[in-house]
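Heads up: the structure comes next, in structure tokens.
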Amino acid sequence: MENILMNVLDFSHACEIFDNTKKISDDDINFILKAGKKSTSSFGMKPWKFLVISNDELKTKISPLCSEEISISSSSHLVIFLAAIESINSESQSSNSKSVKKGSPADKLEFYTGVFPNHPEDSCHSNENMYSWPARQTYLSAGNMMTAAAIKGIDSCPIESYEKENIEEVLGLDTSKFQIACLLPFGYRLNEQSSADKESLDDSIEFIK
Ligand SMILES: Cc1cc2nc3c(=O)[nH]c(=O)nc-3n(C[C@H](O)[C@H](O)[C@H](O)COP(=O)(O)O)c2cc1C
């Protein structure tokens, strides 16, 4: 099992160009998405939405708005991670909490808010944090999706340099509810590509005993 995980992590790299003749099957993309949905999140609120784009016309509109243009246009599926702003605003939390069952996300939120009175209000007190708090959590689901993809021999390329407002406009998003957190195209590598040395940062771990 340990070797399997290390091999999968070694396989995973930022794929610069995919083979646009190869498409991911429905079963495999659903497997990847399931790994994202099962990911953990603060309060278990899963403050995200995944847009799964396989439409070539739409990918062509989005690709010039990203740094890694070719990895978007050549991908089989592009997943856009949205930070679900509305799900964490205090009005929707209190209206949710009136009708929720014990153990549900809003119920947990009420419990933790009692224990740590300023959390997550502190985390979300500004417009910037209303975005960054859920956006940070989408990266956990993105990581799990990348690992799930690699298990299936599928490549990916996380992208965070893109024209956020312009892509939100192309997608017709209501940005008071959802904003883009990151982009993750999936597909099959066109050729072997160089990858960063994943073990070079020996000083990245420090044990304190
Ligand atoms: C969160 C995140 C965001 C990234 N955003 C970009 C990006 O916007 N443009 C890009 O060219 N590469 C992007 N990358 C790819 C990294 O540059 C790449 O993963 C890194 O060079 C290590 O290479 P490897 O993943 O092949 O080992 C991103 C990677 C991560 C993890």
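Just so we're on the same page: first chain in the structure tokens is A, next is B, and so on; residues restart at 1 for each chain, and ligands are numbered from 1 in the order they show up.
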>> Show me which residues are within 6 Å of ligand 1 counting only C-alpha atoms and all ligand atoms, and format the list as a PyMOL selection string.
In response: chain A and resi 13-14+67-68+158-161+195-196
>> Quick one: residues within 12 Å of Phe31 in chain A, only C-alpha atoms, excluding same-chain residues fewer than 3 positions away - as a count of residues only?
In response: 20
> If you measure from CA of Ile180 in chain A to CA of Leu65 in chain A, what distance in Å do you get, rounded to one decimal?
Replying inline: 12.9 Å
Spatial neighbours of Phe81 in chain A, max dist 7 Å, only C-alpha atoms, sep filter under 2 positions, as a short mmCIF file (atom, residue, chain, number, x, y, z; two decimals) with all heavy atoms, in the first residue's frame:
data_model
loop_
_atom_site.label_atom_id
_atom_site.label_comp_id
_atom_site.auth_asym_id
_atom_site.auth_seq_id
_atom_site.Cartn_x
_atom_site.Cartn_y
_atom_site.Cartn_z
N TRP A 48 -18.15 24.38 -1.38
CA TRP A 48 -17.64 24.39 -2.75
C TRP A 48 -18.67 23.87 -3.73
O TRP A 48 -19.68 23.28 -3.36
CB TRP A 48 -16.37 23.54 -2.84
CG TRP A 48 -16.51 22.13 -2.33
CD1 TRP A 48 -17.42 21.18 -2.74
CD2 TRP A 48 -15.71 21.48 -1.33
NE1 TRP A 48 -17.22 20.00 -2.06
CE2 TRP A 48 -16.19 20.16 -1.19
CE3 TRP A 48 -14.64 21.89 -0.53
CZ2 TRP A 48 -15.63 19.24 -0.29
CZ3 TRP A 48 -14.09 20.98 0.35
CH2 TRP A 48 -14.59 19.68 0.48
N LYS A 49 -18.39 24.13 -5.00
CA LYS A 49 -19.15 23.53 -6.08
C LYS A 49 -18.13 23.23 -7.18
O LYS A 49 -17.20 24.01 -7.39
CB LYS A 49 -20.21 24.51 -6.57
CG LYS A 49 -21.08 23.96 -7.68
CD LYS A 49 -22.25 24.92 -7.94
CE LYS A 49 -23.09 24.39 -9.09
NZ LYS A 49 -24.26 25.23 -9.33
N PHE A 50 -18.28 22.10 -7.85
CA PHE A 50 -17.35 21.74 -8.92
C PHE A 50 -18.07 21.86 -10.25
O PHE A 50 -19.07 21.19 -10.49
CB PHE A 50 -16.87 20.28 -8.76
CG PHE A 50 -16.42 19.90 -7.37
CD1 PHE A 50 -16.82 18.70 -6.79
CD2 PHE A 50 -15.58 20.73 -6.63
CE1 PHE A 50 -16.40 18.35 -5.52
CE2 PHE A 50 -15.15 20.38 -5.35
CZ PHE A 50 -15.57 19.18 -4.79
N LEU A 51 -17.55 22.72 -11.12
CA LEU A 51 -18.08 22.78 -12.50
C LEU A 51 -17.22 21.86 -13.36
O LEU A 51 -15.99 21.99 -13.36
CB LEU A 51 -17.98 24.20 -13.06
CG LEU A 51 -18.84 25.28 -12.44
CD1 LEU A 51 -18.62 26.60 -13.19
CD2 LEU A 51 -20.31 24.90 -12.47
N VAL A 79 -12.12 20.88 -14.54
CA VAL A 79 -12.92 21.11 -13.34
C VAL A 79 -12.59 22.49 -12.80
O VAL A 79 -11.42 22.84 -12.61
CB VAL A 79 -12.65 20.04 -12.26
CG1 VAL A 79 -13.44 20.34 -10.98
CG2 VAL A 79 -13.03 18.64 -12.78
N ALA A 83 -15.70 28.63 -4.90
CA ALA A 83 -15.89 28.87 -3.47
C ALA A 83 -17.34 29.29 -3.27
O ALA A 83 -17.80 30.25 -3.90
CB ALA A 83 -14.96 29.99 -3.01
N THR A 138 -11.26 24.39 -1.03
CA THR A 138 -11.39 23.69 -2.32
C THR A 138 -10.07 22.99 -2.69
O THR A 138 -10.08 22.01 -3.43
CB THR A 138 -11.79 24.64 -3.47
OG1 THR A 138 -10.73 25.58 -3.71
CG2 THR A 138 -13.07 25.37 -3.18
N ILE A 180 -14.64 31.76 -8.46
CA ILE A 180 -13.64 30.74 -8.82
C ILE A 180 -12.49 30.72 -7.80
O ILE A 180 -11.97 31.77 -7.42
CB ILE A 180 -13.08 31.02 -10.22
CG1 ILE A 180 -14.21 30.96 -11.25
CG2 ILE A 180 -11.99 29.99 -10.57
CD1 ILE A 180 -13.78 31.35 -12.64
N ALA A 181 -12.13 29.50 -7.39
CA ALA A 181 -11.00 29.33 -6.47
C ALA A 181 -9.77 28.77 -7.20
O ALA A 181 -8.65 29.20 -6.95
CB ALA A 181 -11.37 28.41 -5.32
N CYS A 182 -9.95 27.79 -8.05
CA CYS A 182 -8.85 27.30 -8.87
C CYS A 182 -9.38 26.45 -10.03
O CYS A 182 -10.57 26.10 -10.05
CB CYS A 182 -7.81 26.53 -8.06
SG CYS A 182 -8.36 24.99 -7.35
N LEU A 183 -8.49 26.18 -10.96
CA LEU A 183 -8.85 25.42 -12.17
C LEU A 183 -8.02 24.14 -12.21
O LEU A 183 -6.82 24.17 -11.85
CB LEU A 183 -8.56 26.23 -13.43
CG LEU A 183 -9.62 27.24 -13.89
CD1 LEU A 183 -9.84 28.32 -12.88
CD2 LEU A 183 -9.21 27.85 -15.22
#
> Which of these residues is nearest to Phe18 in chain A, using only C-alpha atoms: A:Leu190, A:Ile53, A:Leu5, A:Met45?
Replying inline: A:Leu190
> Could you write out, as JSON, numbers by chain, all the residues of range 8-98 of chain A that DSSP marks as alpha helix (DSSP H)?
Replying inline: {"A": [8, 9, 10, 11, 26, 27, 28, 29, 30, 31, 32, 33, 34, 35, 36, 37, 56, 57, 58, 59, 60, 61, 62, 69, 70, 71, 72, 73, 85, 86, 87, 88, 90, 91, 92, 93, 94, 95, 96, 97]}
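Here the question is which of A:Phe207, A:Phe43, A:Tyr188, A:Tyr162 gets nearest to Trp133 in chain A using only C-alpha atoms, and that residue is A:Phe43.
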>> Nearest residue to Ser63 in chain A out of A:Asn166, A:Gln137, A:Ser176, A:Ser126, using only C-alpha atoms?
In response: A:Asn166
> Which one of A:Ser87, A:Ser41, A:Glu165, A:Gly187 sits closest to Arg136 in chain A if you count only C-alpha atoms?
Replying inline: A:Ser41
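Comparing A:Lys23, A:Lys46, A:Arg189, A:Lys164 by their smallest distance to Ser71 in chain A, the closest is A:Arg189 (using only C-alpha atoms).
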> Using only C-alpha atoms, which residue out of A:Glu110, A:Asp155, A:Glu192, A:Glu128 lies closest to His77 in chain A?
Replying inline: A:Asp155
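The shell of residues at most 9 Å from Ser74 in chain A, with only C-alpha atoms counted and near chain neighbours (fewer than 6 positions) removed, consists of Ile17, Phe18, Asp19, Asn20, Thr21, Lys59, Pro185 and Gly187 of chain A.
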Expected file contents, prior selection, N, CA and C atoms, as a PDB file, in the first residue's frame:
ATOM      1  N   ILE A  17       0.635  19.541 -21.436  1.00  0.00           N
ATOM      2  CA  ILE A  17      -0.187  19.329 -22.637  1.00  0.00           C
ATOM      3  C   ILE A  17      -0.746  17.904 -22.629  1.00  0.00           C
ATOM      4  N   PHE A  18      -2.059  17.843 -22.868  1.00  0.00           N
ATOM      5  CA  PHE A  18      -2.740  16.548 -22.881  1.00  0.00           C
ATOM      6  C   PHE A  18      -2.927  16.089 -24.327  1.00  0.00           C
ATOM      7  N   ASP A  19      -3.151  14.793 -24.478  1.00  0.00           N
ATOM      8  CA  ASP A  19      -3.486  14.233 -25.785  1.00  0.00           C
ATOM      9  C   ASP A  19      -4.984  14.477 -26.011  1.00  0.00           C
ATOM     10  N   ASN A  20      -5.288  15.428 -26.907  1.00  0.00           N
ATOM     11  CA  ASN A  20      -6.704  15.822 -27.031  1.00  0.00           C
ATOM     12  C   ASN A  20      -7.561  14.791 -27.767  1.00  0.00           C
ATOM     13  N   THR A  21      -6.932  13.686 -28.191  1.00  0.00           N
ATOM     14  CA  THR A  21      -7.728  12.622 -28.830  1.00  0.00           C
ATOM     15  C   THR A  21      -8.235  11.627 -27.777  1.00  0.00           C
ATOM     16  N   LYS A  59     -14.303  25.413 -23.357  1.00  0.00           N
ATOM     17  CA  LYS A  59     -12.874  25.336 -22.996  1.00  0.00           C
ATOM     18  C   LYS A  59     -12.057  26.312 -23.858  1.00  0.00           C
ATOM     19  N   PRO A 185      -7.527  21.092 -14.986  1.00  0.00           N
ATOM     20  CA  PRO A 185      -7.826  20.266 -16.163  1.00  0.00           C
ATOM     21  C   PRO A 185      -7.309  18.833 -15.979  1.00  0.00           C
ATOM     22  N   GLY A 187      -6.737  14.911 -18.114  1.00  0.00           N
ATOM     23  CA  GLY A 187      -6.623  14.247 -19.413  1.00  0.00           C
ATOM     24  C   GLY A 187      -5.482  13.253 -19.362  1.00  0.00           C
TER      25      GLY A 187
END
Quick one: DSSP strand (DSSP E or B) residues in range 22-51 of chain A, as a PDB file with N, CA, C and O atoms, in the first residue's frame?
ATOM      1  N   TRP A  48     -18.152  24.383  -1.380  1.00  0.00           N
ATOM      2  CA  TRP A  48     -17.636  24.393  -2.753  1.00  0.00           C
ATOM      3  C   TRP A  48     -18.674  23.872  -3.729  1.00  0.00           C
ATOM      4  O   TRP A  48     -19.685  23.281  -3.359  1.00  0.00           O
ATOM      5  N   LYS A  49     -18.391  24.129  -4.995  1.00  0.00           N
ATOM      6  CA  LYS A  49     -19.149  23.529  -6.079  1.00  0.00           C
ATOM      7  C   LYS A  49     -18.130  23.229  -7.182  1.00  0.00           C
ATOM      8  O   LYS A  49     -17.198  24.013  -7.387  1.00  0.00           O
ATOM      9  N   PHE A  50     -18.280  22.100  -7.847  1.00  0.00           N
ATOM     10  CA  PHE A  50     -17.350  21.737  -8.917  1.00  0.00           C
ATOM     11  C   PHE A  50     -18.067  21.864 -10.255  1.00  0.00           C
ATOM     12  O   PHE A  50     -19.072  21.186 -10.487  1.00  0.00           O
ATOM     13  N   LEU A  51     -17.552  22.720 -11.125  1.00  0.00           N
ATOM     14  CA  LEU A  51     -18.083  22.781 -12.497  1.00  0.00           C
ATOM     15  C   LEU A  51     -17.219  21.858 -13.357  1.00  0.00           C
ATOM     16  O   LEU A  51     -15.994  21.986 -13.359  1.00  0.00           O
TER      17      LEU A  51
END
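Take CA of Ala84 in chain A and CA of Lys61 in chain A: the distance between them is 23.2 Å.
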